[in-house]
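With compact mmCIF, C-alpha atoms (C1' of nucleotides) inside, this is model_9.txt:
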```
# COMPACT_ATOMS: atom_id res chain seq x y z
CA MET M 5 0.00 0.00 0.00
CA ASN M 6 1.30 3.45 -0.89
CA LYS M 7 1.11 4.90 2.61
CA ASN M 8 3.47 7.77 2.13
CA LEU M 9 1.51 9.45 -0.61
CA ILE M 10 -1.73 9.60 1.35
CA LEU M 11 0.00 10.65 4.58
CA GLN M 12 1.74 13.46 2.74
CA ASN M 13 -1.55 14.48 1.21
CA ILE M 14 -3.10 14.73 4.65
CA ALA M 15 -0.07 16.52 6.06
CA LYS M 16 -0.87 19.43 3.76
CA HIS M 17 -3.67 20.41 6.14
CA ILE M 18 -3.23 18.65 9.50
CA GLN M 19 -0.35 17.18 11.52
CA LEU M 20 -0.66 13.56 12.61
CA ASN M 21 1.26 11.73 15.28
CA LYS M 22 2.23 8.09 14.78
CA LYS M 23 -0.77 6.69 16.62
CA GLU M 24 -3.22 8.67 14.55
CA ALA M 25 -1.50 7.84 11.29
CA ASP M 26 -1.35 4.14 12.10
CA TYR M 27 -4.97 3.96 13.08
CA PHE M 28 -5.98 5.84 9.96
CA LEU M 29 -4.07 3.46 7.72
CA THR M 30 -5.85 0.43 9.19
CA LEU M 31 -9.15 1.83 7.93
CA LEU M 32 -8.06 1.99 4.30
CA LYS M 33 -8.79 -0.74 1.82
CA GLU M 34 -6.57 -1.02 -1.19
CA HIS M 35 -8.29 -1.57 -4.50
CA LYS M 36 -6.89 -2.11 -7.99
CA LEU M 37 -8.90 -1.23 -11.05
CA LYS M 38 -8.40 -2.13 -14.69
CA ARG M 39 -9.18 0.46 -17.35
CA LYS M 40 -12.94 1.08 -17.66
CA GLN M 41 -13.67 -0.84 -14.48
CA PHE M 42 -16.22 0.71 -12.15
CA LEU M 43 -15.54 1.73 -8.58
CA ALA M 44 -18.60 0.81 -6.55
CA VAL M 45 -18.73 3.22 -3.64
CA GLU M 46 -21.74 4.45 -1.74
CA ASN M 47 -20.90 7.67 0.09
CA ASP M 48 -17.35 6.44 0.53
CA VAL M 49 -14.27 8.34 -0.53
CA ALA M 50 -11.26 7.05 -2.43
CA PHE M 51 -7.74 8.39 -2.69
CA VAL M 52 -5.94 7.73 -5.97
CA THR M 53 -2.42 6.34 -5.70
CA LYS M 54 -2.00 5.30 -9.32
CA GLY M 55 -3.71 6.02 -12.65
CA CYS M 56 -6.71 8.26 -13.07
CA LEU M 57 -10.44 7.94 -12.38
CA ARG M 58 -13.47 10.00 -13.31
CA SER M 59 -16.96 10.50 -11.91
CA TYR M 60 -19.77 11.14 -14.35
CA SER M 61 -23.48 10.87 -14.93
CA ILE M 62 -25.45 9.79 -17.97
CA ASP M 63 -28.32 11.99 -19.13
CA THR M 64 -31.67 10.90 -20.54
CA ASN M 65 -30.24 11.00 -24.07
CA GLY M 66 -27.43 8.67 -23.13
CA PHE M 67 -24.70 11.31 -23.10
CA GLU M 68 -22.01 11.25 -20.45
CA HIS M 69 -21.16 14.37 -18.45
CA ILE M 70 -18.02 14.32 -16.37
CA LEU M 71 -18.11 15.80 -12.89
CA GLN M 72 -14.52 15.19 -11.87
CA PHE M 73 -11.20 13.76 -12.94
CA ALA M 74 -9.07 12.24 -10.19
CA PRO M 75 -5.42 11.69 -11.09
CA VAL M 76 -2.81 10.52 -8.57
CA ASP M 77 -2.92 12.34 -5.21
CA TRP M 78 -6.58 13.34 -5.58
CA TRP M 79 -9.68 12.32 -3.70
CA ILE M 80 -12.86 11.19 -5.40
CA GLY M 81 -16.18 10.11 -4.00
CA ASN M 82 -19.82 9.58 -4.55
CA MET M 83 -21.88 11.57 -2.10
CA ARG M 84 -25.19 11.38 -3.86
CA ASN M 85 -27.00 9.78 -0.96
CA LEU M 86 -26.01 12.44 1.55
CA ILE M 87 -29.00 14.43 0.40
CA PRO M 88 -32.19 12.34 0.27
CA GLN M 89 -33.93 13.61 -2.84
CA ASN M 90 -30.81 13.46 -4.94
CA ASN M 91 -31.93 11.11 -7.69
CA ASN M 92 -29.07 12.00 -9.95
CA LEU M 93 -26.80 8.97 -9.89
CA LEU M 94 -23.10 9.14 -10.38
CA ASN M 95 -20.72 6.56 -11.82
CA ILE M 96 -17.03 6.33 -11.06
CA ASP M 97 -14.66 4.37 -13.28
CA ALA M 98 -10.99 4.10 -14.12
CA ILE M 99 -9.73 5.91 -17.21
CA GLU M 100 -6.56 3.81 -17.10
CA ASP M 101 -5.33 0.99 -14.85
CA SER M 102 -5.45 2.50 -11.39
CA GLU M 103 -5.10 1.94 -7.67
CA VAL M 104 -7.09 3.58 -4.91
CA LEU M 105 -7.32 3.54 -1.13
CA ILE M 106 -10.93 3.43 -0.02
CA LEU M 107 -12.21 4.91 3.22
CA SER M 108 -15.78 3.81 3.83
CA ARG M 109 -18.28 6.34 5.10
CA HIS M 110 -18.78 4.23 8.19
CA ASP M 111 -15.08 4.22 9.00
CA GLN M 112 -14.77 7.88 8.14
CA LEU M 113 -17.45 8.83 10.67
CA LYS M 114 -15.83 6.59 13.27
CA LEU M 115 -12.52 8.30 12.57
CA PHE M 116 -14.13 11.70 13.09
CA ASP M 117 -15.39 10.61 16.48
CA GLU M 118 -12.05 9.24 17.62
CA PHE M 119 -9.82 11.95 16.17
CA PRO M 120 -11.59 15.25 15.43
CA LYS M 121 -8.45 16.29 13.61
CA PHE M 122 -9.60 14.20 10.67
CA GLU M 123 -12.90 15.97 10.64
CA ARG M 124 -10.89 19.15 10.17
CA PHE M 125 -9.05 17.62 7.25
CA PHE M 126 -12.22 16.65 5.47
CA ARG M 127 -13.88 19.96 6.33
CA ILE M 128 -11.01 21.69 4.55
CA LEU M 129 -11.19 19.23 1.66
CA MET M 130 -14.91 19.92 1.28
CA GLU M 131 -14.40 23.68 1.44
CA ARG M 132 -11.84 23.54 -1.32
CA ALA M 133 -13.92 21.21 -3.45
CA LEU M 134 -16.85 23.58 -3.03
CA VAL M 135 -14.83 26.62 -4.06
CA SER M 136 -13.66 24.86 -7.16
CA ALA M 137 -17.14 23.56 -8.03
CA ASN M 138 -18.40 27.12 -7.64
CA ARG M 139 -15.70 28.49 -9.90
CA ARG M 140 -16.57 25.88 -12.50
CA LEU M 141 -20.25 26.80 -12.26
CA MET M 142 -19.46 30.46 -12.86
CA ASP M 143 -17.20 29.48 -15.77
CA ILE M 144 -19.91 27.45 -17.45
CA LEU M 145 -22.35 30.32 -17.11
CA ALA M 146 -19.93 33.08 -18.16
CA LEU M 147 -17.61 31.60 -20.77
CA THR M 148 -17.93 30.39 -24.36
CA ALA M 149 -16.92 26.84 -25.24
CA GLN M 150 -13.61 28.11 -26.57
CA GLN M 151 -12.86 29.95 -23.33
CA ARG M 152 -13.85 26.95 -21.23
CA TYR M 153 -11.41 24.83 -23.18
CA GLU M 154 -8.63 27.36 -22.64
CA SER M 155 -9.51 27.54 -18.97
CA PHE M 156 -9.32 23.75 -18.71
CA CYS M 157 -5.91 23.74 -20.39
CA LYS M 158 -4.70 26.33 -17.94
CA TYR M 159 -5.99 24.61 -14.81
CA TYR M 160 -5.16 21.05 -15.76
CA PRO M 161 -2.13 21.30 -18.06
CA THR M 162 -0.97 17.79 -17.19
CA LEU M 163 -4.33 16.20 -17.94
CA ILE M 164 -4.60 17.60 -21.47
CA ASN M 165 -2.24 15.09 -23.02
CA GLN M 166 -3.20 12.26 -20.70
CA LEU M 167 -6.93 12.15 -21.38
CA PRO M 168 -8.93 11.09 -24.43
CA GLN M 169 -10.29 14.23 -26.03
CA LYS M 170 -13.87 13.09 -25.77
CA TYR M 171 -13.53 13.09 -21.97
CA ILE M 172 -12.38 16.68 -22.01
CA ALA M 173 -15.38 17.51 -24.18
CA ALA M 174 -17.67 15.77 -21.69
CA TYR M 175 -16.11 17.83 -18.90
CA ILE M 176 -16.26 21.29 -20.44
CA GLY M 177 -19.73 20.67 -21.85
CA VAL M 178 -19.40 20.37 -25.63
CA THR M 179 -19.71 17.54 -28.13
CA PRO M 180 -16.48 15.78 -29.14
CA GLU M 181 -17.03 16.98 -32.70
CA PHE M 182 -17.20 20.59 -31.62
CA LEU M 183 -14.09 20.35 -29.48
CA SER M 184 -12.24 18.97 -32.47
CA LYS M 185 -13.42 21.90 -34.57
CA MET M 186 -12.41 24.42 -31.91
CA LYS M 187 -8.90 23.02 -31.80
CA SER M 188 -8.47 23.20 -35.56
CA THR M 189 -9.75 26.76 -35.88
CA ALA M 190 -7.60 27.80 -32.90
CA LEU M 191 -4.53 26.50 -34.73
CA LYS M 192 -5.29 28.59 -37.81
CA ASN M 193 -5.33 31.71 -35.65
CA THR M 194 -1.74 31.31 -34.47
CA MET Y 14 -30.97 39.05 17.51
CA ASN Y 15 -32.92 36.07 16.21
CA LYS Y 16 -31.12 33.44 18.25
CA ASN Y 17 -33.69 30.71 18.01
CA LEU Y 18 -33.63 30.44 14.26
CA ILE Y 19 -29.89 29.91 14.02
CA LEU Y 20 -29.81 27.53 16.99
CA GLN Y 21 -32.55 25.46 15.42
CA ASN Y 22 -30.67 25.47 12.15
CA ILE Y 23 -27.60 24.11 13.90
CA ALA Y 24 -29.63 21.59 15.86
CA LYS Y 25 -30.48 19.89 12.56
CA HIS Y 26 -26.99 18.39 12.58
CA ILE Y 27 -25.40 18.68 16.04
CA GLN Y 28 -26.64 18.93 19.64
CA LEU Y 29 -25.41 21.88 21.69
CA ASN Y 30 -25.46 22.34 25.43
CA LYS Y 31 -26.13 25.75 26.94
CA LYS Y 32 -22.49 26.68 27.33
CA GLU Y 33 -21.68 25.92 23.71
CA ALA Y 34 -24.73 27.72 22.43
CA ASP Y 35 -24.04 30.81 24.54
CA TYR Y 36 -20.45 30.98 23.47
CA PHE Y 37 -21.39 30.56 19.83
CA LEU Y 38 -23.92 33.38 20.03
CA THR Y 39 -21.31 35.81 21.37
CA LEU Y 40 -19.32 35.37 18.17
CA LEU Y 41 -22.14 36.48 15.90
CA LYS Y 42 -22.51 40.02 14.67
CA GLU Y 43 -25.93 41.16 13.62
CA HIS Y 44 -26.10 43.11 10.41
CA LYS Y 45 -29.04 44.79 8.68
CA LEU Y 46 -29.02 45.37 4.94
CA LYS Y 47 -31.24 47.51 2.76
CA ARG Y 48 -32.23 46.24 -0.66
CA LYS Y 49 -29.29 46.23 -3.09
CA GLN Y 50 -26.82 46.86 -0.30
CA PHE Y 51 -23.61 44.84 -0.46
CA LEU Y 52 -22.45 42.47 2.24
CA ALA Y 53 -18.71 42.88 2.57
CA VAL Y 54 -17.36 39.57 3.81
CA GLU Y 55 -13.97 38.06 3.21
CA ASN Y 56 -14.07 34.31 3.83
CA ASP Y 57 -16.73 34.89 6.49
CA VAL Y 58 -20.10 33.19 6.55
CA ALA Y 59 -23.49 34.77 7.16
CA PHE Y 60 -26.75 33.23 8.28
CA VAL Y 61 -29.90 34.88 6.95
CA THR Y 62 -32.60 35.66 9.52
CA LYS Y 63 -34.71 37.96 7.35
CA GLY Y 64 -35.06 38.74 3.65
CA CYS Y 65 -32.99 37.18 0.90
CA LEU Y 66 -29.42 37.64 -0.38
CA ARG Y 67 -27.59 36.45 -3.45
CA SER Y 68 -23.96 35.85 -4.39
CA TYR Y 69 -22.91 36.51 -7.96
CA SER Y 70 -20.04 37.39 -10.23
CA ILE Y 71 -19.83 39.76 -13.17
CA ASP Y 72 -18.25 38.49 -16.37
CA THR Y 73 -16.03 40.40 -18.80
CA ASN Y 74 -19.08 41.51 -20.80
CA GLY Y 75 -20.72 42.99 -17.72
CA PHE Y 76 -23.30 40.23 -17.29
CA GLU Y 77 -24.20 38.97 -13.84
CA HIS Y 78 -24.24 35.25 -13.05
CA ILE Y 79 -25.81 34.15 -9.81
CA LEU Y 80 -24.09 31.49 -7.75
CA GLN Y 81 -26.53 31.24 -4.87
CA PHE Y 82 -29.74 32.60 -3.42
CA ALA Y 83 -29.94 32.70 0.37
CA PRO Y 84 -33.44 33.14 1.80
CA VAL Y 85 -34.22 32.97 5.51
CA ASP Y 86 -32.59 30.03 7.34
CA TRP Y 87 -29.78 29.67 4.78
CA TRP Y 88 -26.07 30.22 4.99
CA ILE Y 89 -24.13 32.27 2.47
CA GLY Y 90 -20.47 33.10 2.23
CA ASN Y 91 -17.61 34.20 0.12
CA MET Y 92 -14.82 31.66 0.17
CA ARG Y 93 -12.91 32.88 -2.83
CA ASN Y 94 -9.69 33.46 -0.93
CA LEU Y 95 -9.53 29.96 0.48
CA ILE Y 96 -7.82 28.91 -2.72
CA PRO Y 97 -4.96 31.24 -3.65
CA GLN Y 98 -5.25 31.46 -7.43
CA ASN Y 99 -8.96 32.04 -7.36
CA ASN Y 100 -9.18 35.36 -9.18
CA ASN Y 101 -12.88 35.07 -9.76
CA LEU Y 102 -14.40 37.58 -7.37
CA LEU Y 103 -17.81 37.22 -5.89
CA ASN Y 104 -20.29 39.84 -4.78
CA ILE Y 105 -22.98 39.36 -2.19
CA ASP Y 106 -25.92 41.73 -1.91
CA ALA Y 107 -29.43 41.89 -0.52
CA ILE Y 108 -32.31 41.26 -2.93
CA GLU Y 109 -34.70 42.77 -0.40
CA ASP Y 110 -34.26 44.38 3.03
CA SER Y 111 -32.54 41.69 5.06
CA GLU Y 112 -30.84 40.75 8.29
CA VAL Y 113 -27.91 38.42 8.75
CA LEU Y 114 -25.75 37.05 11.53
CA ILE Y 115 -22.10 37.12 10.55
CA LEU Y 116 -19.50 34.69 11.81
CA SER Y 117 -16.04 35.87 10.82
CA ARG Y 118 -13.54 33.33 9.54
CA HIS Y 119 -11.29 34.15 12.44
CA ASP Y 120 -14.00 33.43 15.00
CA GLN Y 121 -15.11 30.37 13.10
CA LEU Y 122 -11.65 28.83 13.29
CA LYS Y 123 -11.43 29.71 16.99
CA LEU Y 124 -14.78 28.05 17.50
CA PHE Y 125 -13.54 24.89 15.76
CA ASP Y 126 -10.58 24.74 18.14
CA GLU Y 127 -12.66 25.20 21.25
CA PHE Y 128 -15.62 23.01 20.27
CA PRO Y 129 -14.87 20.46 17.53
CA LYS Y 130 -18.60 19.86 17.39
CA PHE Y 131 -18.91 23.02 15.31
CA GLU Y 132 -16.32 21.76 12.90
CA ARG Y 133 -18.63 18.82 12.39
CA PHE Y 134 -21.52 21.13 11.69
CA PHE Y 135 -19.66 23.05 9.03
CA ARG Y 136 -18.18 19.88 7.59
CA ILE Y 137 -21.72 18.65 7.05
CA LEU Y 138 -22.79 22.03 5.68
CA MET Y 139 -19.92 21.96 3.19
CA GLU Y 140 -20.69 18.40 2.15
CA ARG Y 141 -24.27 19.29 1.42
CA ALA Y 142 -23.35 22.47 -0.40
CA LEU Y 143 -20.92 20.46 -2.51
CA VAL Y 144 -23.49 17.83 -3.40
CA SER Y 145 -25.90 20.50 -4.50
CA ALA Y 146 -23.26 22.41 -6.47
CA ASN Y 147 -22.40 19.14 -8.18
CA ARG Y 148 -26.00 18.45 -9.02
CA ARG Y 149 -26.33 21.91 -10.49
CA LEU Y 150 -23.20 21.39 -12.56
CA MET Y 151 -24.59 18.19 -14.01
CA ASP Y 152 -27.89 19.93 -14.68
CA ILE Y 153 -26.24 22.74 -16.60
CA LEU Y 154 -24.33 20.23 -18.70
CA ALA Y 155 -27.22 17.84 -19.30
CA LEU Y 156 -30.40 19.90 -19.52
CA THR Y 157 -31.86 22.40 -21.97
CA ALA Y 158 -32.78 25.88 -20.78
CA GLN Y 159 -36.43 24.85 -20.54
CA GLN Y 160 -35.57 21.86 -18.37
CA ARG Y 161 -33.28 23.93 -16.15
CA TYR Y 162 -36.14 26.35 -15.56
CA GLU Y 163 -38.49 23.51 -14.66
CA SER Y 164 -35.86 22.04 -12.38
CA PHE Y 165 -35.45 25.41 -10.65
CA CYS Y 166 -39.21 25.69 -10.15
CA LYS Y 167 -39.25 22.24 -8.63
CA TYR Y 168 -36.34 22.76 -6.24
CA TYR Y 169 -37.14 26.31 -5.21
CA PRO Y 170 -40.92 26.62 -5.47
CA THR Y 171 -41.07 29.38 -2.87
CA LEU Y 172 -38.43 31.50 -4.59
CA ILE Y 173 -40.19 31.58 -7.95
CA ASN Y 174 -42.70 34.22 -6.97
CA GLN Y 175 -40.37 36.04 -4.62
CA LEU Y 176 -37.54 36.80 -7.04
CA PRO Y 177 -37.32 39.17 -10.00
CA GLN Y 178 -37.36 37.05 -13.13
CA LYS Y 179 -34.05 38.38 -14.37
CA TYR Y 180 -32.37 36.90 -11.30
CA ILE Y 181 -33.79 33.50 -12.07
CA ALA Y 182 -32.47 33.90 -15.62
CA ALA Y 183 -29.04 34.81 -14.25
CA TYR Y 184 -29.13 31.69 -12.08
CA ILE Y 185 -30.21 29.10 -14.65
CA GLY Y 186 -27.95 30.60 -17.30
CA VAL Y 187 -30.17 32.24 -19.91
CA THR Y 188 -30.89 35.82 -20.95
CA PRO Y 189 -33.94 37.48 -19.34
CA GLU Y 190 -35.49 37.77 -22.81
CA PHE Y 191 -35.21 34.07 -23.44
CA LEU Y 192 -36.66 33.15 -20.06
CA SER Y 193 -39.64 35.34 -20.87
CA LYS Y 194 -40.09 33.56 -24.20
CA MET Y 195 -39.85 30.15 -22.58
CA LYS Y 196 -42.58 31.01 -20.12
CA SER Y 197 -44.94 32.22 -22.83
CA THR Y 198 -44.43 29.20 -25.08
CA ALA Y 199 -44.82 26.89 -22.08
CA LEU Y 200 -48.20 28.46 -21.36
CA LYS Y 201 -49.42 27.77 -24.90
CA ASN Y 202 -48.61 24.10 -24.43
CA THR Y 203 -51.00 23.65 -21.49
C1' DC X 7 -48.03 61.05 -11.21
C1' DG X 8 -43.71 60.44 -13.33
C1' DT X 9 -39.52 58.04 -13.70
C1' DC X 10 -36.84 54.14 -13.68
C1' DT X 11 -36.46 49.31 -14.02
C1' DA X 12 -38.31 44.87 -15.43
C1' DT X 13 -40.73 42.16 -18.77
C1' DT X 14 -42.52 41.07 -23.23
C1' DT X 15 -42.34 40.56 -28.18
C1' DG X 16 -40.14 40.27 -32.76
C1' DA X 17 -36.63 39.76 -36.39
C1' DA X 18 -32.04 38.70 -37.47
C1' DT X 19 -27.90 36.36 -36.03
C1' DG X 20 -24.62 33.08 -34.05
C1' DT X 21 -22.82 29.44 -31.40
C1' DA X 22 -22.88 24.92 -30.83
C1' DC X 23 -25.33 20.50 -32.15
C1' DT X 24 -26.82 16.58 -35.26
C1' DC X 25 -26.00 13.33 -38.53
C1' DA X 26 -23.02 11.19 -41.73
C1' DA X 27 -18.81 9.71 -43.51
C1' DA X 28 -13.89 9.48 -43.74
C1' DA X 29 -9.46 9.27 -41.62
C1' DG X 30 -6.39 8.18 -37.78
C1' DC X 31 -4.79 5.38 -34.04
C1' DG X 32 -3.89 1.53 -30.89
C1' DG X 33 -4.17 -2.95 -29.52
C1' DT X 34 -4.60 -7.91 -30.71
C1' DG X 35 -3.97 -12.02 -33.08
C1' DG X 36 -2.53 -14.59 -36.98
C1' DC N 20 5.54 -7.96 -38.27
C1' DC N 21 1.69 -6.87 -40.51
C1' DA N 22 -3.34 -6.82 -40.97
C1' DC N 23 -7.46 -6.15 -39.04
C1' DC N 24 -10.82 -4.49 -35.80
C1' DG N 25 -12.84 -1.21 -32.81
C1' DC N 26 -12.71 3.17 -31.01
C1' DT N 27 -11.49 8.07 -31.37
C1' DT N 28 -10.91 12.12 -33.97
C1' DT N 29 -11.67 14.92 -37.96
C1' DT N 30 -14.37 17.21 -41.46
C1' DG N 31 -18.59 18.92 -43.71
C1' DA N 32 -23.37 20.32 -44.48
C1' DG N 33 -27.60 21.34 -42.50
C1' DT N 34 -30.11 22.57 -38.26
C1' DA N 35 -31.67 24.26 -33.71
C1' DC N 36 -31.46 26.45 -29.52
C1' DA N 37 -30.47 30.53 -27.50
C1' DT N 38 -28.59 35.33 -28.10
C1' DT N 39 -28.51 40.12 -29.71
C1' DC N 40 -30.55 44.28 -30.61
C1' DA N 41 -34.50 47.11 -30.75
C1' DA N 42 -38.85 48.72 -29.39
C1' DA N 43 -43.11 48.47 -26.89
C1' DT N 44 -45.48 47.46 -22.61
C1' DA N 45 -45.97 46.69 -17.80
C1' DG N 46 -44.85 47.39 -13.11
C1' DA N 47 -42.69 49.35 -8.88
C1' DC N 48 -41.15 53.00 -6.08
C1' DG N 49 -40.61 57.55 -4.52
```
Written as structure tokens, how would this file's structure read?
Amino acid sequence: MNKNLILQNIAKHIQLNKKEADYFLTLLKEHKLKRKQFLAVENDVAFVTKGCLRSYSIDTNGFEHILQFAPVDWWIGNMRNLIPQNNNLLNIDAIEDSEVLILSRHDQLKLFDEFPKFERFFRILMERALVSANRRLMDILALTAQQRYESFCKYYPTLINQLPQKYIAAYIGVTPEFLSKMKSTALKNT
Amino acid sequence: MNKNLILQNIAKHIQLNKKEADYFLTLLKEHKLKRKQFLAVENDVAFVTKGCLRSYSIDTNGFEHILQFAPVDWWIGNMRNLIPQNNNLLNIDAIEDSEVLILSRHDQLKLFDEFPKFERFFRILMERALVSANRRLMDILALTAQQRYESFCKYYPTLINQLPQKYIAAYIGVTPEFLSKMKSTALKNT
DNA sequence: CGTCTATTTGAATGTACTCAAAAGCGGTGG
DNA sequence: CCACCGCTTTTGAGTACATTCAAATAGACG
């Protein structure tokens, strides 16, 4: 298990002593995923130690819309059941062969009770995820498709060459055909 | 100060004893706002006890895009500085004459240190805000303007008649003109 | 009552989508 | 090692949803 990576990730926001770190590690379940394999989690969170995952939903016309990419050192989860009436179901799968450490919701809540420090960590994680979801919302409302693509390139420069283009299209909210056209017309203007 | 409302709001997720409640209340600053008046907060959160506020940003063409409405019994805040590179600034103002209780970021963090219970409360608040921001993101990507309007009516039935129509347009991501047209064509189909 | 802002309506326009077909690319097996 | 298969990307023509701009009407507030 890649313990160091996740402990370093946590150390960005809280300091753990050995006892806390050890206990935390016992709660994690390692999970390997082949490309395109689904991660079945129900309110649980997963930390990516290898590869890249995505969470997405499928609309009534069968089109996929990507909520989040999770490369190495990122957290991803499915919190749809935290709010009762949330009928909008989310899938998580691996974009390439990947490995994750899963913390179940049950164990997470137990952890919060035993060491409130961890509740702080996830409070901060949620705050930051919310700020970035809010920024993305404002971007979708304010920007053209071309600008959203440029914004994506700026924020996720490493992902651009790593991801199939159709996934980027499904993230910024255009059809794959249109993204292809945007790229070719952008080239002509340089 | 409307203490009961905010204590009841908190009681939805955590139980407070008298000491905790009293201490919490001392940290709040009451603030009255006239219609259209700005709420100047920097990473602070506000709880609405009267009226209705909104948070929004203004794009490079001068158009407003609304991130959130906050009627009575809701929390609203401006967390843009939590993430350094977040250049996207947010305004908060009162849609009608309103009253809020402000908890400064400084006092909030102090509160978390003294009573971890409150960190739990805000962790839960952030989780729920994130789930609903995520749902809205998926809606914007998946639904047509007409469907987004219907979805808004369903989720915020009380706000429909309370808000100027142009604000609803700025929330669901259409021009006020187009929202007007949607409503009139929807009427013909009934 | 008058002024200012919000809403409605219409015609012309544009951005992004749909559908279809061709070209490119990567992995697998013979 | 090459050929084939499936999946992704590109390109094009036609279309649709939503915007822009303009003007008229309605509504709210002092």
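Atom pair atom CA of Y:Gln121 / atom CA of M:Met130: separated by 15.8 Å.
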Please build the interface table for chain M against chain Y with a cut-off of 6 Å, listing for each qualifying residue the nearest atom pair and the distance in Å to one decimal; count only C-alpha atoms, order rows by chain and increasing number, and write it as JSON lines.
```
{"residue": "M:Asp63", "atom": "CA", "partner": "Y:Ala155", "partner_atom": "CA", "distance": 6.0}
{"residue": "M:Arg127", "atom": "CA", "partner": "Y:Arg136", "partner_atom": "CA", "distance": 4.5}
{"residue": "M:Met130", "atom": "CA", "partner": "Y:Met139", "partner_atom": "CA", "distance": 5.7}
{"residue": "M:Leu134", "atom": "CA", "partner": "Y:Leu143", "partner_atom": "CA", "distance": 5.2}
{"residue": "M:Leu145", "atom": "CA", "partner": "Y:Gly186", "partner_atom": "CA", "distance": 5.6}
{"residue": "M:Ala146", "atom": "CA", "partner": "Y:Asp72", "partner_atom": "CA", "distance": 5.9}
{"residue": "M:Gly177", "atom": "CA", "partner": "Y:Leu154", "partner_atom": "CA", "distance": 5.6}
```
Surrounding residues of stretch 30-39 of chain N excluding itself and chain neighbours under 5 positions, 9 Å, only C-alpha atoms (C1' of nucleotides), as number ranges by chain: M: 185; Y: 157-158, 187-188, 191; X: 18-24, 27-28
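Between atom CA of M:Lys40 and atom CA of M:Ile99 the separation is 5.8 Å.
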Could you list, as a PDB file with C-alpha atoms (C1' of nucleotides), in the coordinates of the input, every residue within 12 Å of stretch 24-29 of chain N, counting all atoms listed in the file and ignoring same-chain residues fewer than 6 positions away?
```pdb
ATOM      1  CA  LEU M 167      -6.930  12.150 -21.380  1.00  0.00           C
ATOM      2  CA  PRO M 168      -8.930  11.090 -24.430  1.00  0.00           C
ATOM      3  CA  GLN M 169     -10.290  14.230 -26.030  1.00  0.00           C
ATOM      4  CA  LYS M 170     -13.870  13.090 -25.770  1.00  0.00           C
ATOM      5  CA  TYR M 171     -13.530  13.090 -21.970  1.00  0.00           C
ATOM      6  CA  THR M 179     -19.710  17.540 -28.130  1.00  0.00           C
ATOM      7  CA  PRO M 180     -16.480  15.780 -29.140  1.00  0.00           C
ATOM      8  CA  GLU M 181     -17.030  16.980 -32.700  1.00  0.00           C
ATOM      9  CA  PHE M 182     -17.200  20.590 -31.620  1.00  0.00           C
ATOM     10  CA  LEU M 183     -14.090  20.350 -29.480  1.00  0.00           C
ATOM     11  CA  SER M 184     -12.240  18.970 -32.470  1.00  0.00           C
ATOM     12  CA  LYS M 185     -13.420  21.900 -34.570  1.00  0.00           C
ATOM     13  CA  MET M 186     -12.410  24.420 -31.910  1.00  0.00           C
ATOM     14  CA  LYS M 187      -8.900  23.020 -31.800  1.00  0.00           C
ATOM     15  CA  SER M 188      -8.470  23.200 -35.560  1.00  0.00           C
TER      16      SER M 188
ATOM     17  C1'  DA X  27     -18.810   9.710 -43.510  1.00  0.00           C
ATOM     18  C1'  DA X  28     -13.890   9.480 -43.740  1.00  0.00           C
ATOM     19  C1'  DA X  29      -9.460   9.270 -41.620  1.00  0.00           C
ATOM     20  C1'  DG X  30      -6.390   8.180 -37.780  1.00  0.00           C
ATOM     21  C1'  DC X  31      -4.790   5.380 -34.040  1.00  0.00           C
ATOM     22  C1'  DG X  32      -3.890   1.530 -30.890  1.00  0.00           C
ATOM     23  C1'  DG X  33      -4.170  -2.950 -29.520  1.00  0.00           C
ATOM     24  C1'  DT X  34      -4.600  -7.910 -30.710  1.00  0.00           C
ATOM     25  C1'  DG X  35      -3.970 -12.020 -33.080  1.00  0.00           C
TER      26       DG X  35
END
```
Completion step: stretch 44-51 of chain Y with N, CA and C atoms as a PDB file, in the frame of the given file:
```pdb
ATOM      1  N   HIS Y  44     -26.325  42.129  11.465  1.00  0.00           N
ATOM      2  CA  HIS Y  44     -26.100  43.110  10.410  1.00  0.00           C
ATOM      3  C   HIS Y  44     -27.390  43.283   9.611  1.00  0.00           C
ATOM      4  N   LYS Y  45     -27.843  44.513   9.464  1.00  0.00           N
ATOM      5  CA  LYS Y  45     -29.040  44.790   8.680  1.00  0.00           C
ATOM      6  C   LYS Y  45     -28.655  45.361   7.327  1.00  0.00           C
ATOM      7  N   LEU Y  46     -29.339  44.927   6.301  1.00  0.00           N
ATOM      8  CA  LEU Y  46     -29.020  45.370   4.940  1.00  0.00           C
ATOM      9  C   LEU Y  46     -30.268  45.884   4.244  1.00  0.00           C
ATOM     10  N   LYS Y  47     -30.146  47.032   3.613  1.00  0.00           N
ATOM     11  CA  LYS Y  47     -31.240  47.510   2.760  1.00  0.00           C
ATOM     12  C   LYS Y  47     -31.134  46.820   1.412  1.00  0.00           C
ATOM     13  N   ARG Y  48     -32.222  46.823   0.682  1.00  0.00           N
ATOM     14  CA  ARG Y  48     -32.230  46.240  -0.660  1.00  0.00           C
ATOM     15  C   ARG Y  48     -31.071  46.787  -1.492  1.00  0.00           C
ATOM     16  N   LYS Y  49     -30.422  45.894  -2.205  1.00  0.00           N
ATOM     17  CA  LYS Y  49     -29.290  46.230  -3.090  1.00  0.00           C
ATOM     18  C   LYS Y  49     -27.998  46.575  -2.362  1.00  0.00           C
ATOM     19  N   GLN Y  50     -28.046  46.544  -1.043  1.00  0.00           N
ATOM     20  CA  GLN Y  50     -26.820  46.860  -0.300  1.00  0.00           C
ATOM     21  C   GLN Y  50     -25.879  45.650  -0.300  1.00  0.00           C
ATOM     22  N   PHE Y  51     -24.587  45.923  -0.416  1.00  0.00           N
ATOM     23  CA  PHE Y  51     -23.610  44.840  -0.460  1.00  0.00           C
ATOM     24  C   PHE Y  51     -23.269  44.337   0.939  1.00  0.00           C
TER      25      PHE Y  51
END
```
